[in-house]
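Next comes start.cif, a file with mmCIF, C-alpha atoms (C1' of nucleotides).
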```cif
data_structure
#
loop_
_atom_site.label_atom_id
_atom_site.label_comp_id
_atom_site.auth_asym_id
_atom_site.auth_seq_id
_atom_site.Cartn_x
_atom_site.Cartn_y
_atom_site.Cartn_z
CA MET C 3 0.00 0.00 0.00
CA LEU C 4 1.50 3.24 -1.15
CA ARG C 5 1.26 5.90 1.50
CA VAL C 6 0.37 9.37 0.36
CA ASP C 7 3.07 12.02 0.70
CA THR C 8 1.56 14.37 3.25
CA ARG C 9 3.87 17.31 2.64
CA VAL C 10 3.28 17.52 -1.10
CA VAL C 11 -0.44 17.09 -0.64
CA GLN C 12 -0.61 19.93 1.84
CA LEU C 13 1.30 22.30 -0.40
CA ARG C 14 -0.96 21.51 -3.31
CA ALA C 15 -4.00 22.02 -1.10
CA LYS C 16 -2.68 25.39 -0.07
CA LEU C 17 -2.12 26.37 -3.68
CA PHE C 18 -5.61 25.26 -4.65
CA ARG C 19 -7.16 27.08 -1.72
CA GLY C 20 -5.39 30.16 -2.96
CA LEU C 21 -7.01 29.61 -6.35
CA GLY C 22 -10.37 28.57 -4.94
CA ASP C 23 -11.88 31.99 -4.66
CA SER C 24 -13.80 33.88 -7.31
CA SER C 25 -12.24 37.20 -6.39
CA ARG C 26 -8.70 35.95 -6.68
CA LEU C 27 -9.46 34.11 -9.89
CA ALA C 28 -11.03 37.24 -11.31
CA ILE C 29 -7.84 39.10 -10.47
CA LEU C 30 -5.70 36.44 -12.10
CA ASP C 31 -7.96 36.52 -15.13
CA ALA C 32 -7.59 40.27 -15.35
CA LEU C 33 -3.81 39.85 -15.27
CA ARG C 34 -3.82 37.30 -18.05
CA ALA C 35 -3.99 40.14 -20.57
CA GLY C 36 -0.91 41.75 -19.09
CA PRO C 37 0.23 43.82 -16.10
CA ARG C 38 -2.44 45.96 -14.48
CA SER C 39 -2.54 48.51 -11.71
CA VAL C 40 -4.71 47.93 -8.67
CA GLY C 41 -7.15 50.57 -9.89
CA GLU C 42 -7.50 48.83 -13.24
CA ILE C 43 -8.01 45.53 -11.49
CA VAL C 44 -10.67 47.06 -9.28
CA ALA C 45 -12.41 48.48 -12.34
CA SER C 46 -12.41 45.28 -14.35
CA THR C 47 -13.35 42.95 -11.51
CA GLY C 48 -15.82 45.09 -9.61
CA LEU C 49 -14.14 44.24 -6.34
CA SER C 50 -13.80 46.89 -3.67
CA GLN C 51 -10.37 48.43 -3.43
CA PRO C 52 -9.52 47.06 0.02
CA ASN C 53 -10.74 43.66 -0.97
CA ALA C 54 -8.70 43.59 -4.15
CA SER C 55 -5.66 44.86 -2.31
CA ASN C 56 -5.97 42.18 0.31
CA HIS C 57 -6.27 39.40 -2.24
CA LEU C 58 -3.32 40.82 -4.15
CA ARG C 59 -1.23 40.70 -1.03
CA CYS C 60 -2.07 37.06 -0.57
CA LEU C 61 -1.37 36.19 -4.19
CA ASN C 62 1.87 38.10 -3.98
CA GLU C 63 3.02 36.35 -0.80
CA CYS C 64 2.26 33.02 -2.38
CA GLY C 65 4.35 33.94 -5.40
CA LEU C 66 1.52 33.76 -7.90
CA VAL C 67 1.71 37.41 -8.87
CA ALA C 68 4.46 40.02 -8.65
CA GLY C 69 4.02 43.72 -8.00
CA GLU C 70 6.15 46.57 -9.22
CA GLN C 71 5.88 50.17 -8.12
CA ARG C 72 5.50 52.63 -11.00
CA GLY C 73 5.02 56.09 -9.64
CA ARG C 74 1.95 56.11 -7.47
CA PHE C 75 0.71 52.93 -9.04
CA VAL C 76 1.60 49.37 -8.35
CA HIS C 77 1.46 47.15 -11.38
CA TYR C 78 0.86 43.49 -10.82
CA ARG C 79 1.54 40.66 -13.25
CA LEU C 80 1.34 36.89 -13.27
CA SER C 81 4.69 35.65 -12.08
CA ASP C 82 4.69 32.32 -13.89
CA PRO C 83 3.37 31.30 -17.28
CA HIS C 84 2.64 27.86 -15.81
CA LEU C 85 -0.21 29.51 -14.00
CA GLU C 86 -1.97 30.31 -17.24
CA THR C 87 -1.59 26.71 -18.28
CA LEU C 88 -3.10 25.64 -15.01
CA LEU C 89 -6.07 27.93 -15.47
CA SER C 90 -6.66 26.74 -19.02
CA LEU C 91 -6.45 23.15 -17.90
CA ALA C 92 -8.98 23.87 -15.18
CA ASP C 93 -11.33 25.29 -17.78
CA GLU C 94 -10.97 22.13 -19.86
CA LEU C 95 -11.80 20.02 -16.84
CA VAL C 96 -14.84 22.09 -16.01
CA ALA C 97 -16.04 21.98 -19.60
CA GLY C 98 -15.44 18.24 -19.84
CA THR C 99 -15.59 15.52 -17.26
CA ALA C 100 -15.99 17.80 -14.29
CA GLN C 101 -19.24 19.25 -15.57
CA GLY C 102 -20.77 18.06 -12.32
CA VAL C 103 -18.98 20.93 -10.72
CA TYR C 104 -21.72 23.23 -11.91
CA PRO C 105 -24.72 21.67 -10.17
CA CYS C 106 -22.63 20.44 -7.27
CA ARG C 107 -23.81 22.21 -4.17
CA ASN C 108 -20.74 21.50 -2.12
CA TYR C 109 -18.25 24.25 -1.57
CA GLU C 110 -20.52 27.05 -2.55
CA PRO C 111 -19.03 30.51 -2.53
CA GLY C 112 -19.95 33.12 0.04
CA LYS C 113 -22.83 35.52 -0.35
CA SER C 114 -20.68 37.92 -2.34
CA ASP C 115 -20.64 35.88 -5.51
CA MET W 19 -11.14 47.39 -20.40
CA LEU W 20 -11.80 43.69 -20.68
CA ARG W 21 -14.40 42.55 -18.22
CA VAL W 22 -13.83 39.24 -16.53
CA ASP W 23 -16.22 36.42 -17.41
CA THR W 24 -17.98 35.81 -14.14
CA ARG W 25 -19.45 32.44 -14.98
CA VAL W 26 -16.21 30.81 -16.01
CA VAL W 27 -14.43 32.26 -13.04
CA GLN W 28 -17.00 30.88 -10.63
CA LEU W 29 -16.83 27.41 -12.10
CA ARG W 30 -13.08 27.39 -11.86
CA ALA W 31 -13.28 28.62 -8.28
CA LYS W 32 -15.63 25.79 -7.47
CA LEU W 33 -13.30 23.26 -9.02
CA PHE W 34 -10.33 24.66 -7.12
CA ARG W 35 -12.27 24.68 -3.87
CA GLY W 36 -12.97 21.05 -4.51
CA LEU W 37 -9.25 20.48 -4.87
CA GLY W 38 -8.26 22.79 -2.03
CA ASP W 39 -8.46 20.30 0.76
CA SER W 40 -5.73 17.98 1.97
CA SER W 41 -8.10 15.12 2.55
CA ARG W 42 -9.54 15.21 -0.95
CA LEU W 43 -6.11 15.62 -2.49
CA ALA W 44 -4.87 12.68 -0.48
CA ILE W 45 -7.74 10.65 -1.88
CA LEU W 46 -6.99 11.75 -5.42
CA ASP W 47 -3.34 10.93 -4.87
CA ALA W 48 -4.27 7.48 -3.65
CA LEU W 49 -6.33 6.98 -6.80
CA ARG W 50 -3.48 8.01 -9.07
CA ALA W 51 -2.07 4.53 -8.80
CA GLY W 52 -5.34 2.99 -9.93
CA PRO W 53 -8.84 2.19 -8.68
CA ARG W 54 -9.17 1.65 -4.95
CA SER W 55 -11.92 0.63 -2.60
CA VAL W 56 -13.00 2.95 0.18
CA GLY W 57 -11.30 0.74 2.73
CA GLU W 58 -8.04 0.89 0.84
CA ILE W 59 -8.34 4.65 0.57
CA VAL W 60 -8.99 4.89 4.29
CA ALA W 61 -5.93 2.76 4.97
CA SER W 62 -3.57 4.72 2.74
CA THR W 63 -4.75 8.17 3.70
CA GLY W 64 -5.40 7.73 7.40
CA LEU W 65 -8.76 9.45 7.09
CA SER W 66 -11.68 8.21 9.11
CA GLN W 67 -14.15 6.12 7.18
CA PRO W 68 -17.05 8.59 7.36
CA ASN W 69 -14.76 11.43 6.44
CA ALA W 70 -13.36 9.63 3.42
CA SER W 71 -16.82 8.57 2.35
CA ASN W 72 -18.09 12.10 2.57
CA HIS W 73 -15.25 13.49 0.51
CA LEU W 74 -15.70 10.75 -2.05
CA ARG W 75 -19.33 11.68 -2.42
CA CYS W 76 -18.36 15.24 -3.12
CA LEU W 77 -15.64 14.30 -5.59
CA ASN W 78 -18.08 11.95 -7.26
CA GLU W 79 -20.82 14.55 -7.58
CA CYS W 80 -18.35 16.97 -9.07
CA GLY W 81 -17.32 14.37 -11.62
CA LEU W 82 -13.71 14.15 -10.51
CA VAL W 83 -13.93 10.50 -9.51
CA ALA W 84 -16.24 7.68 -10.49
CA GLY W 85 -17.39 4.82 -8.29
CA GLU W 86 -18.27 1.30 -9.28
CA GLN W 87 -19.85 -1.32 -7.05
CA ARG W 88 -17.93 -4.61 -6.94
CA GLY W 89 -19.55 -6.92 -4.49
CA ARG W 90 -19.57 -5.31 -1.10
CA PHE W 91 -16.90 -2.88 -2.17
CA VAL W 92 -17.10 0.30 -4.09
CA HIS W 93 -14.09 1.00 -6.23
CA TYR W 94 -13.31 4.57 -7.09
CA ARG W 95 -11.10 5.84 -9.87
CA LEU W 96 -10.06 9.16 -11.33
CA SER W 97 -12.58 9.95 -14.02
CA ASP W 98 -10.36 12.08 -16.21
CA PRO W 99 -6.65 11.84 -17.05
CA HIS W 100 -6.59 15.63 -17.32
CA LEU W 101 -6.87 15.66 -13.56
CA GLU W 102 -3.49 13.99 -13.21
CA THR W 103 -2.00 16.61 -15.50
CA LEU W 104 -3.53 19.30 -13.35
CA LEU W 105 -2.07 17.80 -10.20
CA SER W 106 1.38 17.49 -11.75
CA LEU W 107 1.24 21.04 -12.98
CA ALA W 108 0.28 22.17 -9.49
CA ASP W 109 3.33 20.38 -8.12
CA GLU W 110 5.54 22.17 -10.62
CA LEU W 111 4.11 25.49 -9.58
CA VAL W 112 4.62 24.77 -5.92
CA ALA W 113 8.17 23.62 -6.54
CA GLY W 114 8.92 26.64 -8.71
CA THR W 115 7.60 30.13 -8.65
CA ALA W 116 4.91 29.51 -6.11
CA GLN W 117 7.38 28.48 -3.41
CA GLY W 118 5.92 31.27 -1.34
CA VAL W 119 2.95 29.00 -0.85
CA TYR W 120 4.87 27.17 1.81
CA PRO W 121 5.50 29.98 4.27
CA CYS W 122 2.31 31.81 3.32
CA ARG W 123 0.05 31.83 6.34
CA ASN W 124 -3.10 32.62 4.46
CA TYR W 125 -5.58 29.86 3.87
CA GLU W 126 -4.23 27.53 6.44
CA PRO W 127 -5.91 24.18 6.74
CA GLY W 128 -8.12 23.26 9.67
CA LYS W 129 -6.86 21.65 12.84
CA SER W 130 -6.99 18.20 11.31
CA ASP W 131 -3.95 18.57 9.11
"C1'" DA E 15 5.51 71.21 3.45
"C1'" DT E 16 0.99 70.03 2.18
"C1'" DA E 17 -2.73 68.32 -0.46
"C1'" DT E 18 -4.28 64.77 -3.51
"C1'" DG E 19 -4.61 60.43 -5.38
"C1'" DA E 20 -3.23 55.32 -5.12
"C1'" DT E 21 -2.67 51.53 -2.36
"C1'" DA E 22 -2.35 48.96 1.98
"C1'" DT E 23 -3.90 47.64 6.66
"C1'" DC E 24 -7.17 46.66 10.48
"C1'" DA E 25 -11.25 45.00 13.22
"C1'" DT E 26 -15.61 43.28 12.94
"C1'" DT E 27 -19.17 40.51 11.18
"C1'" DG E 28 -21.42 36.81 8.91
"C1'" DA E 29 -21.26 32.55 6.68
"C1'" DT E 30 -19.12 28.10 5.08
"C1'" DG E 31 -16.82 23.86 5.51
"C1'" DG E 32 -14.47 19.94 7.86
"C1'" DC E 33 -14.15 16.47 11.52
"C1'" DT E 34 -16.13 13.38 14.86
"C1'" DG E 35 -19.28 9.83 16.74
"C1'" DA E 36 -23.27 7.48 16.14
"C1'" DT E 37 -26.26 5.39 13.06
"C1'" DA E 38 -28.41 3.86 8.72
"C1'" DT E 39 -28.19 1.46 4.33
"C1'" DG E 40 -26.61 -2.16 1.65
"C1'" DT E 41 -24.29 -6.46 0.21
"C1'" DC E 42 -22.96 -11.02 0.73
"C1'" DG E 43 -22.37 -15.73 3.01
"C1'" DA E 44 -24.22 -19.33 6.09
"C1'" DT A 6 -33.39 -14.92 7.50
"C1'" DC A 7 -29.61 -13.59 10.17
"C1'" DG A 8 -25.01 -12.02 11.07
"C1'" DA A 9 -20.91 -9.69 9.51
"C1'" DC A 10 -18.65 -6.56 6.87
"C1'" DA A 11 -18.35 -2.34 3.67
"C1'" DT A 12 -20.01 1.98 2.80
"C1'" DA A 13 -23.08 6.00 3.32
"C1'" DT A 14 -25.60 9.51 5.98
"C1'" DC A 15 -26.57 12.72 9.79
"C1'" DA A 16 -26.19 16.32 13.58
"C1'" DG A 17 -23.33 19.17 16.14
"C1'" DC A 18 -19.20 21.66 17.20
"C1'" DC A 19 -15.26 24.29 16.01
"C1'" DA A 20 -12.28 26.79 13.11
"C1'" DT A 21 -11.36 29.56 8.99
"C1'" DC A 22 -12.17 32.98 5.64
"C1'" DA A 23 -14.21 36.81 2.79
"C1'" DA A 24 -16.35 41.35 2.64
"C1'" DT A 25 -17.08 45.81 4.60
"C1'" DG A 26 -15.99 50.51 6.38
"C1'" DA A 27 -12.73 53.27 8.37
"C1'" DT A 28 -8.17 54.51 8.41
"C1'" DA A 29 -3.16 54.45 7.62
"C1'" DT A 30 0.80 54.63 4.49
"C1'" DC A 31 3.11 56.03 0.46
"C1'" DA A 32 4.22 58.70 -3.75
"C1'" DT A 33 3.81 62.72 -6.47
"C1'" DA A 34 2.93 67.56 -7.75
"C1'" DT A 35 2.28 72.31 -6.56
#
```

What do you get writing this file as structure tokens?
Amino acid sequence: MLRVDTRVVQLRAKLFRGLGDSSRLAILDALRAGPRSVGEIVASTGLSQPNASNHLRCLNECGLVAGEQRGRFVHYRLSDPHLETLLSLADELVAGTAQGVYPCRNYEPGKSD
Amino acid sequence: MLRVDTRVVQLRAKLFRGLGDSSRLAILDALRAGPRSVGEIVASTGLSQPNASNHLRCLNECGLVAGEQRGRFVHYRLSDPHLETLLSLADELVAGTAQGVYPCRNYEPGKSD
DNA sequence: ATATGATATCATTGATGGCTGATATGTCGA
DNA sequence: TCGACATATCAGCCATCAATGATATCATAT
């Protein structure tokens, strides 16, 4: 019986939890087209500024995005092209076998969605 | 300004929330080697039987795994090879750019981990 | 130096999800 | 049919997290 590697599993879980939020995914989606300032992100996602800022901090700490100060603005970008691949692959899964994700009532988002 | 597609984003978030749990990932990892009964999954993951069963139900409803009754046992398997690709890609991300995921104290797991 | 605009931080609140322990359903063999 | 084993379901508790509103920091221009 092959035992599951706990450490790797936990890291993956952490990564997926980071991705398992509509707000953060919306931010990542906004950044797919290229670097964007916080204000631009706020505009295109509809998130409140503090909320967007908070999620950006998290994504930044986790290494998924990188921020660069340009004057008064901070421009964020995806820090790894692999991330785009991951997102695309997720879309394929959702469109294909994992169609049950849509009606599935487990792990519903909060009231904000 | 390109507006983010809310529907797609929400589906992806749901998928990632499904994957954002150590217990479910441990189950998926156990199934990477091939179909396994619930008992075998319980043995290799260390989860309690009700807990494993509950997670399997969720994964099944979301279409990520498929169950088949064989006598008294129910054998589960990964329902889509894309899922393995996704998991591998996640590992690459964690090992590479997203190394910050390790020290990041956001989105910590519950007390059980 | 100060005002303005851009971004970050903080505390509170409200809701969701996971684990446990007990129990129910279901399947097979005697 | 009954007993034993495998799996599924349920209720309750506890912890975590996201959003809000107010406020703090930081950078620039006048």

(message) When the PyMOL selection byres ((chain W) within 12 of (chain E)) is applied to the structure above, which residues does it catch, written out as a list in words?
(response)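 Listing what the PyMOL selection byres ((chain W) within 12 of (chain E)) selects in the shown file: Arg35, Gly36, Gly38, Asp39, Ser40, Ser41, Arg42, Leu65, Ser66, Gln67, Pro68, Asn69, Ala70, Asn72, His73, Gln87, Arg88, Gly89, Arg90, Phe91, Val92, Pro127, Gly128, Lys129, Ser130 and Asp131 of chain W.
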
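Closest approach to chain W among A:DT33, A:DT28, A:DG8, A:DA13 is made by A:DA13 (distances from all atoms listed in the file).
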
Padded axis-aligned box of stretch 63-66 of chain W (5 Å per side), centre and edge lengths, Å, one decimal, as AutoDock Vina command-line options:
```
--center_x -8.2 --center_y 8.6 --center_z 6.4 --size_x 16.9 --size_y 11.7 --size_z 15.4
```

Superposition of chain C onto chain W by least squares over all sequentially paired C-alpha atoms; the transformed chain is requested as a tab-separated table (two decimals) with C-alpha atoms, in the coordinates of the input.
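Output file superposed.tsv follows:
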```tsv
chain	number	residue	atom	x	y	z
C	3	MET	CA	-11.12	47.31	-20.40
C	4	LEU	CA	-11.80	43.64	-20.70
C	5	ARG	CA	-14.42	42.51	-18.25
C	6	VAL	CA	-13.84	39.21	-16.54
C	7	ASP	CA	-16.24	36.40	-17.41
C	8	THR	CA	-18.00	35.80	-14.12
C	9	ARG	CA	-19.49	32.42	-14.96
C	10	VAL	CA	-16.23	30.78	-15.99
C	11	VAL	CA	-14.44	32.25	-13.01
C	12	GLN	CA	-17.00	30.87	-10.61
C	13	LEU	CA	-16.83	27.39	-12.07
C	14	ARG	CA	-13.07	27.38	-11.84
C	15	ALA	CA	-13.28	28.61	-8.26
C	16	LYS	CA	-15.63	25.79	-7.43
C	17	LEU	CA	-13.29	23.26	-9.00
C	18	PHE	CA	-10.33	24.65	-7.10
C	19	ARG	CA	-12.24	24.69	-3.84
C	20	GLY	CA	-12.96	21.05	-4.46
C	21	LEU	CA	-9.23	20.47	-4.84
C	22	GLY	CA	-8.25	22.79	-2.01
C	23	ASP	CA	-8.46	20.29	0.78
C	24	SER	CA	-5.73	17.97	1.99
C	25	SER	CA	-8.12	15.09	2.56
C	26	ARG	CA	-9.55	15.21	-0.92
C	27	LEU	CA	-6.12	15.62	-2.47
C	28	ALA	CA	-4.87	12.67	-0.48
C	29	ILE	CA	-7.75	10.64	-1.87
C	30	LEU	CA	-6.99	11.75	-5.41
C	31	ASP	CA	-3.34	10.93	-4.86
C	32	ALA	CA	-4.27	7.47	-3.64
C	33	LEU	CA	-6.32	6.97	-6.81
C	34	ARG	CA	-3.49	8.01	-9.07
C	35	ALA	CA	-2.06	4.50	-8.79
C	36	GLY	CA	-5.33	2.98	-9.93
C	37	PRO	CA	-8.84	2.18	-8.68
C	38	ARG	CA	-9.17	1.65	-4.95
C	39	SER	CA	-11.93	0.63	-2.60
C	40	VAL	CA	-13.02	2.95	0.17
C	41	GLY	CA	-11.33	0.72	2.73
C	42	GLU	CA	-8.04	0.89	0.84
C	43	ILE	CA	-8.37	4.64	0.58
C	44	VAL	CA	-9.03	4.88	4.30
C	45	ALA	CA	-5.96	2.76	4.99
C	46	SER	CA	-3.59	4.69	2.77
C	47	THR	CA	-4.79	8.16	3.73
C	48	GLY	CA	-5.45	7.70	7.42
C	49	LEU	CA	-8.79	9.43	7.11
C	50	SER	CA	-11.74	8.18	9.10
C	51	GLN	CA	-14.19	6.11	7.13
C	52	PRO	CA	-17.09	8.58	7.33
C	53	ASN	CA	-14.81	11.41	6.43
C	54	ALA	CA	-13.39	9.63	3.42
C	55	SER	CA	-16.84	8.57	2.32
C	56	ASN	CA	-18.12	12.10	2.53
C	57	HIS	CA	-15.26	13.51	0.50
C	58	LEU	CA	-15.70	10.75	-2.06
C	59	ARG	CA	-19.32	11.68	-2.45
C	60	CYS	CA	-18.35	15.25	-3.14
C	61	LEU	CA	-15.64	14.30	-5.61
C	62	ASN	CA	-18.06	11.95	-7.29
C	63	GLU	CA	-20.82	14.55	-7.61
C	64	CYS	CA	-18.34	16.97	-9.09
C	65	GLY	CA	-17.30	14.37	-11.65
C	66	LEU	CA	-13.70	14.14	-10.53
C	67	VAL	CA	-13.90	10.50	-9.54
C	68	ALA	CA	-16.22	7.66	-10.52
C	69	GLY	CA	-17.38	4.81	-8.31
C	70	GLU	CA	-18.26	1.30	-9.31
C	71	GLN	CA	-19.85	-1.31	-7.09
C	72	ARG	CA	-17.93	-4.59	-6.95
C	73	GLY	CA	-19.57	-6.91	-4.51
C	74	ARG	CA	-19.61	-5.26	-1.13
C	75	PHE	CA	-16.91	-2.86	-2.17
C	76	VAL	CA	-17.11	0.32	-4.11
C	77	HIS	CA	-14.08	1.00	-6.24
C	78	TYR	CA	-13.32	4.57	-7.09
C	79	ARG	CA	-11.08	5.84	-9.87
C	80	LEU	CA	-10.06	9.16	-11.33
C	81	SER	CA	-12.57	9.95	-14.03
C	82	ASP	CA	-10.33	12.08	-16.22
C	83	PRO	CA	-6.65	11.84	-17.05
C	84	HIS	CA	-6.60	15.64	-17.31
C	85	LEU	CA	-6.86	15.66	-13.56
C	86	GLU	CA	-3.49	14.00	-13.19
C	87	THR	CA	-2.01	16.61	-15.48
C	88	LEU	CA	-3.53	19.30	-13.34
C	89	LEU	CA	-2.07	17.82	-10.19
C	90	SER	CA	1.37	17.48	-11.73
C	91	LEU	CA	1.22	21.04	-12.96
C	92	ALA	CA	0.28	22.18	-9.48
C	93	ASP	CA	3.31	20.40	-8.10
C	94	GLU	CA	5.53	22.18	-10.62
C	95	LEU	CA	4.08	25.51	-9.58
C	96	VAL	CA	4.60	24.79	-5.92
C	97	ALA	CA	8.16	23.64	-6.53
C	98	GLY	CA	8.91	26.65	-8.71
C	99	THR	CA	7.58	30.16	-8.66
C	100	ALA	CA	4.89	29.54	-6.10
C	101	GLN	CA	7.36	28.51	-3.43
C	102	GLY	CA	5.90	31.30	-1.34
C	103	VAL	CA	2.95	29.05	-0.86
C	104	TYR	CA	4.86	27.19	1.80
C	105	PRO	CA	5.50	30.02	4.27
C	106	CYS	CA	2.33	31.82	3.31
C	107	ARG	CA	0.08	31.89	6.32
C	108	ASN	CA	-3.08	32.64	4.44
C	109	TYR	CA	-5.55	29.88	3.86
C	110	GLU	CA	-4.18	27.57	6.46
C	111	PRO	CA	-5.85	24.20	6.76
C	112	GLY	CA	-8.01	23.24	9.70
C	113	LYS	CA	-6.68	21.68	12.86
C	114	SER	CA	-6.86	18.22	11.32
C	115	ASP	CA	-3.86	18.64	9.07
```

(request) Identify, on the basis of only C-alpha atoms (C1' of nucleotides), every residue whose closest approach to W:Phe34 does not exceed 12 Å; exclude the query and any residue fewer than 2 positions from it along the same chain; express the result as a PyMOL selection string. (result) (chain C and resi 14-24+26-27+88-89+91-93+95-96+100+103+108-111) or (chain W and resi 27-32+36-39+42-43+77+80+82+101+104-105+108)

(request) Select all residues from chain A having any atom no more than 9 Å from an atom of chain C (counting only C-alpha atoms (C1' of nucleotides), ignoring ligands), output as a list of chain:residue names. (result)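 Every residue meeting the condition is included here: A:DA23, A:DA24, A:DT25, A:DC31, A:DA32, A:DT33.
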
(request) Give me, please, the distance in Å between atom CA of C:Tyr78 and atom CA of C:Arg38, quoted to one decimal. (result) 5.5 Å

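Proximity ranking of C:Glu70, C:Leu58, C:Gly48, C:Thr99 relative to chain W places C:Thr99 first, based on only C-alpha atoms.
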